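Asks: Dropping in coords07.csv, which is CSV, C-alpha atoms and all ligand atoms:
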chain,number,residue,atom,x,y,z
M,380,MET,CA,-19.6,-30.0,-21.4
M,381,ALA,CA,-17.2,-32.5,-22.9
M,382,SER,CA,-20.1,-33.9,-25.1
M,383,GLY,CA,-20.2,-30.8,-27.3
M,384,LEU,CA,-18.4,-27.6,-27.7
M,385,THR,CA,-18.8,-24.8,-30.2
M,386,VAL,CA,-15.4,-24.2,-31.8
M,387,ALA,CA,-14.3,-21.5,-34.2
M,388,VAL,CA,-11.3,-21.8,-36.5
M,389,VAL,CA,-10.2,-18.3,-37.7
M,390,GLY,CA,-7.9,-18.6,-40.7
M,391,ALA,CA,-9.5,-21.9,-41.6
M,392,THR,CA,-8.4,-21.8,-45.2
M,393,GLY,CA,-4.7,-21.3,-44.3
M,394,ALA,CA,-2.0,-23.9,-43.8
M,395,ALA,CA,-2.3,-23.8,-39.9
M,396,GLY,CA,-6.1,-23.5,-40.0
M,397,GLN,CA,-6.4,-26.5,-42.3
M,398,THR,CA,-4.2,-28.5,-40.0
M,399,THR,CA,-6.2,-27.4,-37.0
M,400,LEU,CA,-9.4,-28.9,-38.6
M,401,LYS,CA,-7.5,-32.1,-39.2
M,402,ILE,CA,-6.1,-32.3,-35.6
M,403,LEU,CA,-9.5,-31.5,-34.0
M,404,GLU,CA,-10.9,-34.5,-36.0
M,405,GLU,CA,-7.9,-36.8,-35.3
M,406,ARG,CA,-7.8,-36.1,-31.5
M,407,LYS,CA,-11.6,-36.4,-31.3
M,408,PHE,CA,-11.9,-33.0,-29.7
M,409,PRO,CA,-15.5,-32.7,-28.5
M,410,VAL,CA,-16.8,-30.4,-31.2
M,411,ARG,CA,-20.6,-30.1,-31.5
M,412,GLU,CA,-20.5,-27.2,-33.9
M,413,LEU,CA,-17.6,-26.0,-36.0
M,414,ARG,CA,-17.6,-22.4,-37.3
M,415,ALA,CA,-14.9,-21.5,-40.0
M,416,PHE,CA,-13.7,-18.0,-40.6
M,417,ALA,CA,-11.2,-16.5,-43.1
M,418,SER,CA,-10.9,-13.2,-45.1
M,419,GLU,CA,-13.6,-11.6,-47.2
M,420,ARG,CA,-12.0,-13.4,-50.2
M,421,SER,CA,-13.1,-16.8,-48.9
M,422,VAL,CA,-16.6,-16.0,-47.6
M,423,GLY,CA,-19.0,-18.2,-49.5
M,424,THR,CA,-16.5,-21.0,-50.0
M,425,THR,CA,-16.3,-24.1,-47.8
M,426,VAL,CA,-13.8,-26.0,-45.8
M,427,THR,CA,-14.2,-29.7,-44.8
M,428,PHE,CA,-14.6,-31.0,-41.3
M,429,ARG,CA,-15.4,-34.6,-40.5
M,430,GLY,CA,-16.1,-35.1,-44.2
M,431,GLU,CA,-18.8,-32.4,-44.3
M,432,PRO,CA,-18.5,-29.0,-46.0
M,433,VAL,CA,-18.5,-26.1,-43.5
M,434,PRO,CA,-19.2,-22.6,-44.9
M,435,VAL,CA,-16.5,-19.9,-44.4
M,436,ARG,CA,-18.0,-17.0,-42.5
M,437,ARG,CA,-17.2,-13.3,-42.2
M,438,ILE,CA,-15.4,-12.3,-39.0
M,439,GLU,CA,-17.9,-10.2,-36.9
M,440,ALA,CA,-18.8,-10.2,-33.2
M,441,ALA,CA,-22.3,-11.7,-33.6
M,442,ALA,CA,-20.8,-14.8,-35.4
M,443,PHE,CA,-18.9,-15.7,-32.2
M,444,THR,CA,-21.9,-15.8,-29.8
M,445,GLY,CA,-21.9,-19.2,-28.1
M,446,VAL,CA,-18.3,-20.1,-29.2
M,447,ASP,CA,-16.3,-21.9,-26.4
M,448,PHE,CA,-12.9,-22.0,-28.1
M,449,ALA,CA,-11.5,-20.0,-31.0
M,450,PHE,CA,-8.3,-21.1,-32.7
M,451,CYS,CA,-6.8,-18.2,-34.5
M,452,SER,CA,-4.2,-18.4,-37.2
M,453,ALA,CA,-5.0,-15.6,-39.6
M,454,GLY,CA,-1.9,-13.5,-38.8
M,455,SER,CA,-0.8,-11.1,-36.1
M,456,ALA,CA,-2.7,-8.0,-37.4
M,457,GLN,CA,-5.9,-10.0,-37.6
M,458,SER,CA,-5.4,-11.4,-34.1
M,459,ARG,CA,-4.8,-8.0,-32.7
M,460,GLU,CA,-7.9,-6.7,-34.3
M,461,TYR,CA,-10.3,-9.7,-33.6
M,462,ALA,CA,-9.1,-11.6,-30.5
M,463,PRO,CA,-10.4,-9.0,-28.0
M,464,MET,CA,-13.7,-9.0,-29.8
M,465,ILE,CA,-13.9,-12.8,-29.7
M,466,VAL,CA,-13.1,-12.9,-26.0
M,467,LYS,CA,-15.8,-10.3,-25.4
M,468,ALA,CA,-18.3,-12.6,-27.1
M,469,GLY,CA,-17.4,-15.2,-24.4
M,470,ALA,CA,-14.9,-17.5,-26.1
M,471,THR,CA,-11.4,-18.5,-25.0
M,472,VAL,CA,-8.9,-17.6,-27.8
M,473,ILE,CA,-5.9,-19.8,-28.5
M,474,ASP,CA,-3.8,-17.7,-30.7
M,475,LYS,CA,-1.1,-18.9,-33.1
M,476,SER,CA,0.1,-15.5,-34.1
M,477,ASN,CA,2.9,-13.3,-32.7
M,478,ALA,CA,0.4,-10.7,-31.5
M,479,PHE,CA,0.2,-11.6,-27.7
M,480,ARG,CA,3.1,-13.9,-27.1
M,481,MET,CA,5.2,-11.5,-25.1
M,482,ASP,CA,2.3,-9.8,-23.3
M,483,PRO,CA,3.0,-10.5,-19.6
M,484,THR,CA,-0.8,-11.1,-19.0
M,485,VAL,CA,-1.0,-13.8,-21.7
M,486,PRO,CA,0.3,-17.3,-21.0
M,487,LEU,CA,2.7,-18.7,-23.7
M,488,VAL,CA,2.1,-22.4,-23.5
M,489,VAL,CA,3.7,-25.7,-24.6
M,490,PRO,CA,1.6,-28.2,-22.6
M,491,GLU,CA,4.4,-30.7,-21.9
M,492,ILE,CA,6.5,-27.9,-20.5
M,493,ASN,CA,4.5,-25.2,-18.7
M,494,ALA,CA,0.9,-26.4,-18.4
M,495,HIS,CA,0.7,-24.5,-15.1
M,496,ALA,CA,1.0,-21.2,-17.0
M,497,ALA,CA,-2.3,-21.8,-18.8
M,498,ARG,CA,-4.3,-21.5,-15.6
M,499,GLN,CA,-3.6,-17.8,-15.3
M,500,HIS,CA,-5.2,-16.9,-18.6
M,501,ARG,CA,-7.7,-14.0,-19.0
M,502,GLY,CA,-9.3,-15.1,-22.2
M,503,ILE,CA,-6.3,-15.3,-24.6
M,504,LEU,CA,-3.6,-18.0,-24.6
M,505,ALA,CA,-0.7,-17.8,-27.0
M,506,CYS,CA,1.0,-20.6,-28.9
M,507,PRO,CA,4.7,-20.0,-29.4
M,508,ASN,CA,6.4,-19.6,-32.8
M,509,CYS,CA,6.8,-22.9,-34.6
M,510,THR,CA,10.6,-22.9,-34.4
M,511,THR,CA,10.5,-22.1,-30.7
M,512,ILE,CA,8.2,-25.0,-30.0
M,513,VAL,CA,10.4,-27.5,-31.8
M,514,ALA,CA,13.6,-26.1,-30.1
M,515,VAL,CA,12.2,-25.8,-26.6
M,516,MET,CA,10.9,-29.4,-26.4
M,517,PRO,CA,14.4,-31.0,-26.0
M,518,LEU,CA,15.8,-27.9,-24.1
M,519,LYS,CA,13.3,-28.4,-21.3
M,520,PRO,CA,14.6,-31.8,-20.0
M,521,LEU,CA,18.2,-30.6,-20.4
M,522,HIS,CA,17.3,-27.5,-18.3
M,523,ASP,CA,15.6,-29.5,-15.6
M,524,ALA,CA,18.6,-31.9,-15.4
M,525,GLY,CA,21.5,-29.4,-15.6
M,526,ARG,CA,20.3,-25.7,-15.8
M,527,LEU,CA,20.9,-24.2,-19.2
M,528,THR,CA,23.4,-21.5,-19.5
M,529,ARG,CA,23.7,-21.0,-23.2
M,530,VAL,CA,22.0,-22.1,-26.4
M,531,ILE,CA,23.2,-21.9,-30.0
M,532,ALA,CA,20.5,-22.8,-32.5
M,533,THR,CA,20.4,-22.8,-36.3
M,534,SER,CA,17.0,-23.6,-37.9
M,535,TYR,CA,16.2,-25.1,-41.3
M,536,GLN,CA,12.6,-23.9,-41.8
M,537,ALA,CA,10.0,-25.3,-44.2
M,538,VAL,CA,8.1,-23.1,-46.7
M,539,SER,CA,4.7,-24.0,-45.1
M,540,GLY,CA,5.8,-22.0,-42.1
M,541,ALA,CA,5.1,-19.0,-44.4
M,542,GLY,CA,1.6,-20.3,-45.1
M,543,VAL,CA,-0.1,-21.4,-48.3
M,544,LYS,CA,1.8,-18.8,-50.4
M,545,GLY,CA,5.1,-20.3,-49.3
M,546,ILE,CA,4.0,-23.8,-50.3
M,547,ALA,CA,2.8,-22.5,-53.7
M,548,GLU,CA,6.0,-20.7,-54.4
M,549,LEU,CA,8.3,-23.7,-53.8
M,550,ARG,CA,6.0,-25.8,-56.0
M,551,GLU,CA,5.8,-23.3,-58.8
M,552,GLN,CA,9.5,-22.6,-58.8
M,553,THR,CA,10.4,-26.3,-58.9
M,554,LEU,CA,8.0,-26.8,-61.8
M,555,ALA,CA,9.4,-23.8,-63.6
M,556,TRP,CA,12.9,-25.1,-63.1
M,557,ALA,CA,11.9,-28.5,-64.6
M,558,ARG,CA,10.5,-26.7,-67.6
M,559,GLY,CA,13.6,-24.6,-68.0
M,560,GLU,CA,11.8,-21.4,-67.2
M,561,THR,CA,13.0,-18.4,-65.2
M,562,LEU,CA,12.3,-18.6,-61.5
M,563,VAL,CA,10.5,-15.5,-60.2
M,564,PRO,CA,10.5,-14.8,-56.4
M,565,ARG,CA,7.1,-13.5,-55.3
M,566,HIS,CA,6.6,-14.3,-51.7
M,567,PHE,CA,10.2,-14.9,-50.4
M,568,PRO,CA,12.9,-12.3,-50.9
M,569,HIS,CA,14.9,-14.6,-53.2
M,570,GLN,CA,14.4,-17.9,-55.2
M,571,ILE,CA,13.6,-20.6,-52.7
M,572,ALA,CA,13.8,-23.7,-54.9
M,573,PHE,CA,17.3,-25.1,-54.8
M,574,ASN,CA,18.4,-22.4,-52.4
M,575,LEU,CA,18.7,-21.4,-48.8
M,576,ILE,CA,17.6,-18.0,-47.5
M,577,PRO,CA,19.2,-16.9,-44.2
M,578,HIS,CA,16.5,-14.2,-43.6
M,579,ILE,CA,13.0,-14.8,-42.1
M,580,ASP,CA,11.1,-11.7,-41.1
M,581,THR,CA,12.6,-8.2,-40.6
M,582,PHE,CA,16.2,-7.4,-39.6
M,583,GLY,CA,16.8,-5.5,-36.4
M,584,ALA,CA,19.6,-2.9,-35.8
M,585,ASP,CA,21.8,-5.6,-34.1
M,586,GLY,CA,21.6,-7.8,-37.2
M,587,TYR,CA,19.3,-10.4,-35.8
M,588,THR,CA,15.9,-11.0,-37.5
M,589,ALA,CA,12.5,-10.8,-35.8
M,590,GLU,CA,12.2,-14.5,-36.3
M,591,GLU,CA,15.4,-15.1,-34.4
M,592,MET,CA,14.4,-12.8,-31.6
M,593,LYS,CA,11.1,-14.8,-31.2
M,594,LEU,CA,13.2,-17.9,-30.5
M,595,VAL,CA,15.2,-15.9,-27.9
M,596,ASN,CA,12.4,-14.2,-26.1
M,597,GLU,CA,9.8,-16.9,-26.2
M,598,THR,CA,12.2,-19.6,-25.0
M,599,ARG,CA,13.1,-17.4,-22.1
M,600,LYS,CA,9.4,-16.9,-21.2
M,601,ILE,CA,8.4,-20.6,-21.5
M,602,LEU,CA,11.4,-21.9,-19.5
M,603,GLU,CA,11.1,-18.9,-17.1
M,604,THR,CA,14.8,-18.2,-17.6
M,605,PRO,CA,14.8,-14.4,-18.4
M,606,ASP,CA,18.6,-14.3,-18.6
M,607,LEU,CA,19.3,-17.4,-20.7
M,608,LYS,CA,21.9,-16.7,-23.4
M,609,ILE,CA,20.7,-17.7,-26.8
M,610,THR,CA,22.1,-17.0,-30.2
M,611,PRO,CA,20.0,-18.2,-33.2
M,612,THR,CA,20.2,-18.2,-36.9
M,613,THR,CA,17.0,-18.9,-38.8
M,614,VAL,CA,17.1,-20.1,-42.4
M,615,ARG,CA,14.3,-20.8,-44.9
M,616,VAL,CA,14.9,-24.1,-46.8
M,617,PRO,CA,13.3,-25.7,-49.8
M,618,VAL,CA,11.4,-28.3,-47.7
M,619,PHE,CA,7.6,-28.3,-47.7
M,620,THR,CA,6.9,-29.4,-44.1
M,621,CYS,CA,8.9,-29.7,-40.9
M,622,HIS,CA,11.4,-27.4,-39.2
M,623,SER,CA,14.8,-28.9,-38.3
M,624,ILE,CA,17.1,-27.3,-35.8
M,625,ALA,CA,20.8,-27.9,-35.0
M,626,VAL,CA,21.2,-27.0,-31.3
M,627,THR,CA,24.2,-26.8,-29.0
M,628,ALA,CA,23.1,-26.4,-25.3
M,629,GLU,CA,25.4,-25.7,-22.5
M,630,THR,CA,24.5,-26.4,-18.9
M,631,GLU,CA,25.8,-25.6,-15.4
M,632,ALA,CA,26.1,-29.4,-14.6
M,633,LYS,CA,27.6,-31.5,-17.3
M,634,ILE,CA,25.2,-33.8,-19.2
M,635,SER,CA,26.8,-36.7,-21.1
M,636,ALA,CA,25.5,-37.7,-24.5
M,637,ALA,CA,24.1,-41.0,-22.9
M,638,ARG,CA,22.3,-39.0,-20.2
M,639,ALA,CA,20.9,-36.6,-22.8
M,640,ARG,CA,19.6,-39.5,-24.8
M,641,ASP,CA,17.9,-40.9,-21.8
M,642,LEU,CA,16.4,-37.5,-20.8
M,643,PHE,CA,15.0,-37.0,-24.4
M,644,ALA,CA,13.6,-40.6,-24.5
M,645,ARG,CA,11.6,-40.1,-21.3
M,646,PHE,CA,10.2,-36.6,-22.1
M,647,PRO,CA,6.6,-36.7,-23.3
M,648,GLY,CA,6.2,-35.6,-26.9
M,649,LEU,CA,9.9,-36.3,-27.8
M,650,ARG,CA,11.1,-39.4,-29.6
M,651,LEU,CA,14.7,-40.5,-30.1
M,652,TRP,CA,16.0,-41.5,-33.6
M,653,ASP,CA,19.7,-41.7,-32.9
M,654,GLU,CA,21.3,-44.7,-34.5
M,655,PRO,CA,24.0,-43.2,-36.8
M,656,ALA,CA,25.4,-46.6,-37.7
M,657,GLN,CA,22.0,-47.5,-39.3
M,658,ASN,CA,21.8,-44.0,-40.9
M,659,ARG,CA,18.8,-43.3,-38.6
M,660,TYR,CA,18.3,-39.7,-37.6
M,661,PRO,CA,15.3,-37.4,-37.9
M,662,MET,CA,14.6,-35.8,-41.3
M,663,PRO,CA,11.7,-33.7,-42.5
M,664,ILE,CA,10.3,-36.4,-44.9
M,665,ALA,CA,10.3,-39.0,-42.1
M,666,VAL,CA,8.7,-36.7,-39.5
M,667,GLU,CA,6.0,-35.0,-41.6
M,668,GLY,CA,2.5,-35.9,-40.3
M,669,GLN,CA,3.6,-36.8,-36.8
M,670,ASP,CA,2.8,-35.0,-33.6
M,671,ASP,CA,6.0,-35.7,-31.7
M,672,CYS,CA,9.4,-34.0,-32.1
M,673,PHE,CA,12.3,-36.3,-33.0
M,674,VAL,CA,15.8,-35.9,-31.7
M,675,GLY,CA,19.0,-37.5,-33.1
M,676,ARG,CA,22.7,-36.8,-33.8
M,677,ILE,CA,23.2,-36.5,-30.0
M,678,ARG,CA,26.9,-35.9,-29.1
M,679,GLU,CA,29.0,-34.0,-26.6
M,680,ASP,CA,30.2,-30.6,-27.8
M,681,LEU,CA,33.9,-30.9,-28.8
M,682,SER,CA,34.4,-27.2,-28.1
M,683,SER,CA,33.0,-26.8,-24.6
M,684,ALA,CA,33.1,-28.8,-21.4
M,685,ASN,CA,29.4,-28.7,-20.6
M,686,GLY,CA,27.8,-28.7,-24.0
M,687,VAL,CA,25.7,-31.2,-25.8
M,688,THR,CA,24.9,-30.9,-29.5
M,689,PHE,CA,21.8,-32.5,-31.2
M,690,TRP,CA,19.4,-32.2,-34.1
M,691,VAL,CA,15.7,-31.9,-33.6
M,692,VAL,CA,12.9,-32.1,-36.2
M,693,GLY,CA,9.2,-31.3,-35.8
M,694,ASP,CA,6.2,-31.0,-38.1
M,695,GLN,CA,5.7,-27.3,-37.6
M,696,LEU,CA,2.1,-27.3,-38.8
M,697,ARG,CA,1.3,-29.9,-36.2
M,698,LYS,CA,3.3,-29.7,-32.9
M,699,GLY,CA,4.6,-26.3,-34.1
M,700,ALA,CA,1.0,-24.9,-34.5
M,701,ALA,CA,-2.2,-26.9,-34.6
M,702,THR,CA,-1.4,-29.8,-32.3
M,703,ASN,CA,0.0,-27.5,-29.7
M,704,ALA,CA,-3.0,-25.3,-29.9
M,705,VAL,CA,-5.5,-28.2,-29.5
M,706,GLN,CA,-3.4,-29.6,-26.6
M,707,ILE,CA,-3.8,-26.2,-24.9
M,708,ALA,CA,-7.6,-26.5,-25.3
M,709,GLU,CA,-7.5,-30.1,-24.0
M,710,LEU,CA,-5.5,-28.8,-21.0
M,711,LEU,CA,-8.2,-26.2,-20.2
M,712,LEU,CA,-10.9,-28.9,-20.4
M,713,ARG,CA,-9.2,-31.1,-17.9
P,801,LIG,P1,-7.9,-16.3,-47.0
P,801,LIG,O1,-7.7,-17.7,-47.5
P,801,LIG,O2,-9.4,-15.9,-47.2
P,801,LIG,O3,-6.9,-15.4,-47.5
P,801,LIG,P2,-1.7,-18.8,-44.4
P,801,LIG,O4,-1.0,-18.6,-43.1
P,801,LIG,O5,-1.7,-20.2,-44.9
P,801,LIG,O6,-1.3,-17.8,-45.5
P,801,LIG,O7,-3.3,-18.5,-44.1
P,801,LIG,C1,-3.7,-17.3,-43.6
P,801,LIG,C2,-5.2,-17.5,-43.2
P,801,LIG,O8,-5.6,-16.2,-42.6
P,801,LIG,C3,-6.1,-17.8,-44.3
P,801,LIG,O9,-7.2,-18.5,-43.8
P,801,LIG,C4,-6.6,-16.4,-44.7
P,801,LIG,O10,-7.8,-16.4,-45.4
P,801,LIG,C5,-6.7,-15.7,-43.4
P,801,LIG,N1,-6.6,-14.3,-43.5
P,801,LIG,C6,-5.7,-13.5,-44.2
P,801,LIG,N2,-6.0,-12.2,-44.1
P,801,LIG,C7,-7.1,-12.1,-43.4
P,801,LIG,C8,-7.9,-11.0,-43.0
P,801,LIG,N3,-7.6,-9.8,-43.2
P,801,LIG,N4,-9.1,-11.3,-42.2
P,801,LIG,C9,-9.4,-12.6,-41.9
P,801,LIG,N5,-8.7,-13.7,-42.3
P,801,LIG,C10,-7.5,-13.4,-43.0
Turn the structure described in the file into structure tokens.
Ligand code: A2P
Replies:
Amino acid sequence: MASGLTVAVVGATGAAGQTTLKILEERKFPVRELRAFASERSVGTTVTFRGEPVPVRRIEAAAFTGVDFAFCSAGSAQSREYAPMIVKAGATVIDKSNAFRMDPTVPLVVPEINAHAARQHRGILACPNCTTIVAVMPLKPLHDAGRLTRVIATSYQAVSGAGVKGIAELREQTLAWARGETLVPRHFPHQIAFNLIPHIDTFGADGYTAEEMKLVNETRKILETPDLKITPTTVRVPVFTCHSIAVTAETEAKISAARARDLFARFPGLRLWDEPAQNRYPMPIAVEGQDDCFVGRIREDLSSANGVTFWVVGDQLRKGAATNAVQIAELLLR
């Protein structure tokens, strides 16, 4: 089987889909045949896989016959519509959208954290939200060592988290600014160049956004801590790639800064960049293009007895999306 699988990438022209093609190639995922899918607009165009052009196809049941794995990143509405059809055609769906994450019958998987959950799948496995993945990677070793009681998290999220339109908007507004032209918001609710927007997704009645509630609910599901207290603030920033998160985590048992450093350094998929005297800490431009999440600025919380505060950065198109999705497929193959 490992010598050749038929793999579908749904949303292959998008930011996460393009990264999925790259990661399948980089990790030498055993692809015998690759089928690319996107919207009607892209049918007839091509994407590139292993240096070869692959035609973009229309999404229809017959096109999924013989597919082993389908990686879906075409949006929640599309996943809701197409994933059941793709499963019926015989494929295992690894879905990057929000459509099935909180469905109790669908595993929500970060392979380093809850690989066991993947075994219970019924055809669909969900990849968490990109900010959740980057945040939960360092939370897991702290939880195992001291039992988390409360998490305060503020995110600084790249425009590519909003897809190709988000990337284009930051680029266009930056060029318009350099030409002295008026900056017109099209995709984001306000100007994103030279600005911060503390608003991602829709607001709920309690004042939290849907993006913030993803971090709350998905972290609880992944860590199997339904009552964990979490208060997030998610912010869109004028950065092309990588989500950064400032986290304060409180635990039942005190974890010193030195112990936290040691726990992070040993956890698979996490790397430590914590040498403040050398100005060395994770930043988006240094982390972009890497699969690990990087932690730094580790210190004990001045305001609580059992708190540790840190800064974590991850390439959200890779570990926050494509890499995590391909790792899930690798897990199923083992
Ligand atoms: P297309 O390029 O044809 O619009 P991103 O997250 O970067 O915005 O990418 C979204 C991906 O989902 C793209 O590949 C896009 O294809 C695809 N997509 C968007 N709407 C649909 C749809 N209604 N049906 C299928 N694919 C879609």
Asks: Report, in Å to a single decimal, how far apart atom CA of M:Glu548 and atom O1 of ligand LIG 801 (chain P) are.
Replies: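 Rounded to one decimal, the two atoms are 15.6 Å apart.
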Asks: Which chains and residue numbers are within 12 Å of ligand LIG 801 (chain P), counting only C-alpha atoms and all ligand atoms, if I want them as a PyMOL selection string?
Replies: chain M and resi 388-400+415-426+435-439+450-462+475-476+538-548+566+696+700-701
Asks: Under the rule that only C-alpha atoms are counted, which of M:Arg645, M:Arg678, M:Arg659, M:Arg406 is the nearest residue to M:Lys519?
Replies: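 Ranking M:Arg645, M:Arg678, M:Arg659, M:Arg406 by distance to M:Lys519, first place goes to M:Arg645.
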Asks: Could you tell me, as a list in words, which residues have any atom at most 6 Å from (1.2, -27.9, -25.5), counting only C-alpha atoms?
Replies: Val488, Val489, Pro490, Glu491, Asn703, Gln706 and Ile707 of chain M
Asks: Produce a file of the selected residues containing C-alpha atoms, as a compact mmCIF listing (two decimals), keeping the file's coordinate frame.
Replies:
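Listed below is the output, part_28.txt:
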# COMPACT_ATOMS: atom_id res chain seq x y z
CA VAL M 488 2.10 -22.40 -23.50
CA VAL M 489 3.70 -25.70 -24.60
CA PRO M 490 1.60 -28.20 -22.60
CA GLU M 491 4.40 -30.70 -21.90
CA ASN M 703 0.00 -27.50 -29.70
CA GLN M 706 -3.40 -29.60 -26.60
CA ILE M 707 -3.80 -26.20 -24.90
Asks: Any idea what the distance is between atom CA of M:Gln552 and atom CA of M:Ala572?
Replies: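 Spanning atom CA of M:Gln552 to atom CA of M:Ala572 is a straight-line distance of 5.9 Å.
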Asks: Report, in Å with one decimal, the straight-line distance from atom CA of M:Asn493 to atom CA of M:Met516.
Replies: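 Distance between the two atoms: 10.9 Å.
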Asks: Need to verify the contact set: M:Leu521, 8 Å, all atoms listed in the file, exclusion of same-chain residues closer than 6 positions in sequence. Can you return it as a list of chain:residue names?
Replies: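 Result of the neighbour search: M:Leu527, M:Thr630, M:Ile634, M:Ala639, M:Leu642.
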Asks: So that I can check the surroundings of M:Val614, please list as a PDB file with C-alpha atoms, keeping the file's coordinate frame every protein, DNA and RNA residue that reaches within 10 Å of it, counting only C-alpha atoms and ignoring chain neighbours fewer than 6 positions away.
Replies:
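And here is the file that came out, out-v1.pdb:
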ATOM      1  CA  THR M 533      20.400 -22.800 -36.300  1.00  0.00           C
ATOM      2  CA  SER M 534      17.000 -23.600 -37.900  1.00  0.00           C
ATOM      3  CA  TYR M 535      16.200 -25.100 -41.300  1.00  0.00           C
ATOM      4  CA  GLN M 536      12.600 -23.900 -41.800  1.00  0.00           C
ATOM      5  CA  ALA M 537      10.000 -25.300 -44.200  1.00  0.00           C
ATOM      6  CA  LEU M 575      18.700 -21.400 -48.800  1.00  0.00           C
ATOM      7  CA  ILE M 576      17.600 -18.000 -47.500  1.00  0.00           C
ATOM      8  CA  PRO M 577      19.200 -16.900 -44.200  1.00  0.00           C
ATOM      9  CA  HIS M 578      16.500 -14.200 -43.600  1.00  0.00           C
ATOM     10  CA  ILE M 579      13.000 -14.800 -42.100  1.00  0.00           C
ATOM     11  CA  GLU M 590      12.200 -14.500 -36.300  1.00  0.00           C
ATOM     12  CA  GLU M 591      15.400 -15.100 -34.400  1.00  0.00           C
ATOM     13  CA  HIS M 622      11.400 -27.400 -39.200  1.00  0.00           C
ATOM     14  CA  SER M 623      14.800 -28.900 -38.300  1.00  0.00           C
ATOM     15  CA  ILE M 624      17.100 -27.300 -35.800  1.00  0.00           C
TER      16      ILE M 624
END
Asks: Compute the distance from (21.8, -11.5, -38.7) to each atom, counting only C-alpha atoms, keep the residues with any atom at most 9 Å away, and return them as a list in words; use the coordinates of the file.
Replies: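 The residues near that point, listed by chain and number, are Pro577, His578, Phe582, Gly583, Asp585, Gly586, Tyr587, Thr588, Glu591, Pro611, Thr612 and Thr613 of chain M.
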Asks: Would you mind telling me which residue in M:Ala440, M:Ala656, M:Met481, M:Leu712 lies nearest to M:Ile601 when using all atoms listed in the file?
Replies: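 Smallest distance to M:Ile601 is found for M:Met481.
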Asks: Given the choices M:Arg498, M:Arg529, M:Arg697, M:Lys407, which gets closest to M:Val485 if the distance is worked out from only C-alpha atoms?
Replies: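 Ranked by minimum distance to M:Val485, first place goes to M:Arg498.
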Asks: What lies within 9 Å of M:Phe428 using all atoms listed in the file, ignoring chain neighbours under 2 positions off, as a count of residues only?
Replies: 10
Asks: Determine, counting all atoms listed in the file, which protein, DNA and RNA residues have an atom within 7 Å of an atom of M:Cys621; residues of the same chain fewer than 5 positions away are not included. Present the result as a list in words.
Replies: Gln536, Ala537, Pro663, Glu667, Val692, Gly693, Asp694 and Gln695 of chain M
Asks: Regenerate stretch 433-442 of chain M at the level of N, CA, C and O atoms and dump it as a short mmCIF file (atom, residue, chain, number, x, y, z; two decimals), in the frame of the given file.
Replies:
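Just written: selection_6.cif:
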data_model
loop_
_atom_site.label_atom_id
_atom_site.label_comp_id
_atom_site.auth_asym_id
_atom_site.auth_seq_id
_atom_site.Cartn_x
_atom_site.Cartn_y
_atom_site.Cartn_z
N VAL M 433 -18.16 -27.08 -44.52
CA VAL M 433 -18.50 -26.10 -43.50
C VAL M 433 -18.35 -24.70 -44.21
O VAL M 433 -17.26 -24.42 -44.74
N PRO M 434 -19.37 -23.86 -44.23
CA PRO M 434 -19.20 -22.60 -44.90
C PRO M 434 -18.23 -21.66 -44.20
O PRO M 434 -18.17 -21.65 -42.97
N VAL M 435 -17.46 -20.92 -44.98
CA VAL M 435 -16.50 -19.90 -44.40
C VAL M 435 -17.30 -18.65 -44.16
O VAL M 435 -17.96 -18.13 -45.05
N ARG M 436 -17.21 -18.16 -42.91
CA ARG M 436 -18.00 -17.00 -42.50
C ARG M 436 -17.11 -15.73 -42.45
O ARG M 436 -15.89 -15.81 -42.31
N ARG M 437 -17.80 -14.61 -42.42
CA ARG M 437 -17.20 -13.30 -42.20
C ARG M 437 -16.88 -13.13 -40.72
O ARG M 437 -17.69 -13.57 -39.89
N ILE M 438 -15.73 -12.50 -40.38
CA ILE M 438 -15.40 -12.30 -39.00
C ILE M 438 -16.16 -11.07 -38.44
O ILE M 438 -15.88 -9.94 -38.85
N GLU M 439 -17.13 -11.32 -37.58
CA GLU M 439 -17.90 -10.20 -36.90
C GLU M 439 -18.37 -10.72 -35.58
O GLU M 439 -18.59 -11.93 -35.40
N ALA M 440 -18.54 -9.78 -34.64
CA ALA M 440 -18.80 -10.20 -33.20
C ALA M 440 -19.97 -11.15 -33.12
O ALA M 440 -19.84 -12.16 -32.42
N ALA M 441 -21.05 -10.90 -33.81
CA ALA M 441 -22.30 -11.70 -33.60
C ALA M 441 -21.99 -13.19 -34.01
O ALA M 441 -22.61 -14.10 -33.45
N ALA M 442 -21.04 -13.42 -34.90
CA ALA M 442 -20.80 -14.80 -35.40
C ALA M 442 -20.07 -15.63 -34.29
O ALA M 442 -19.94 -16.84 -34.44
#
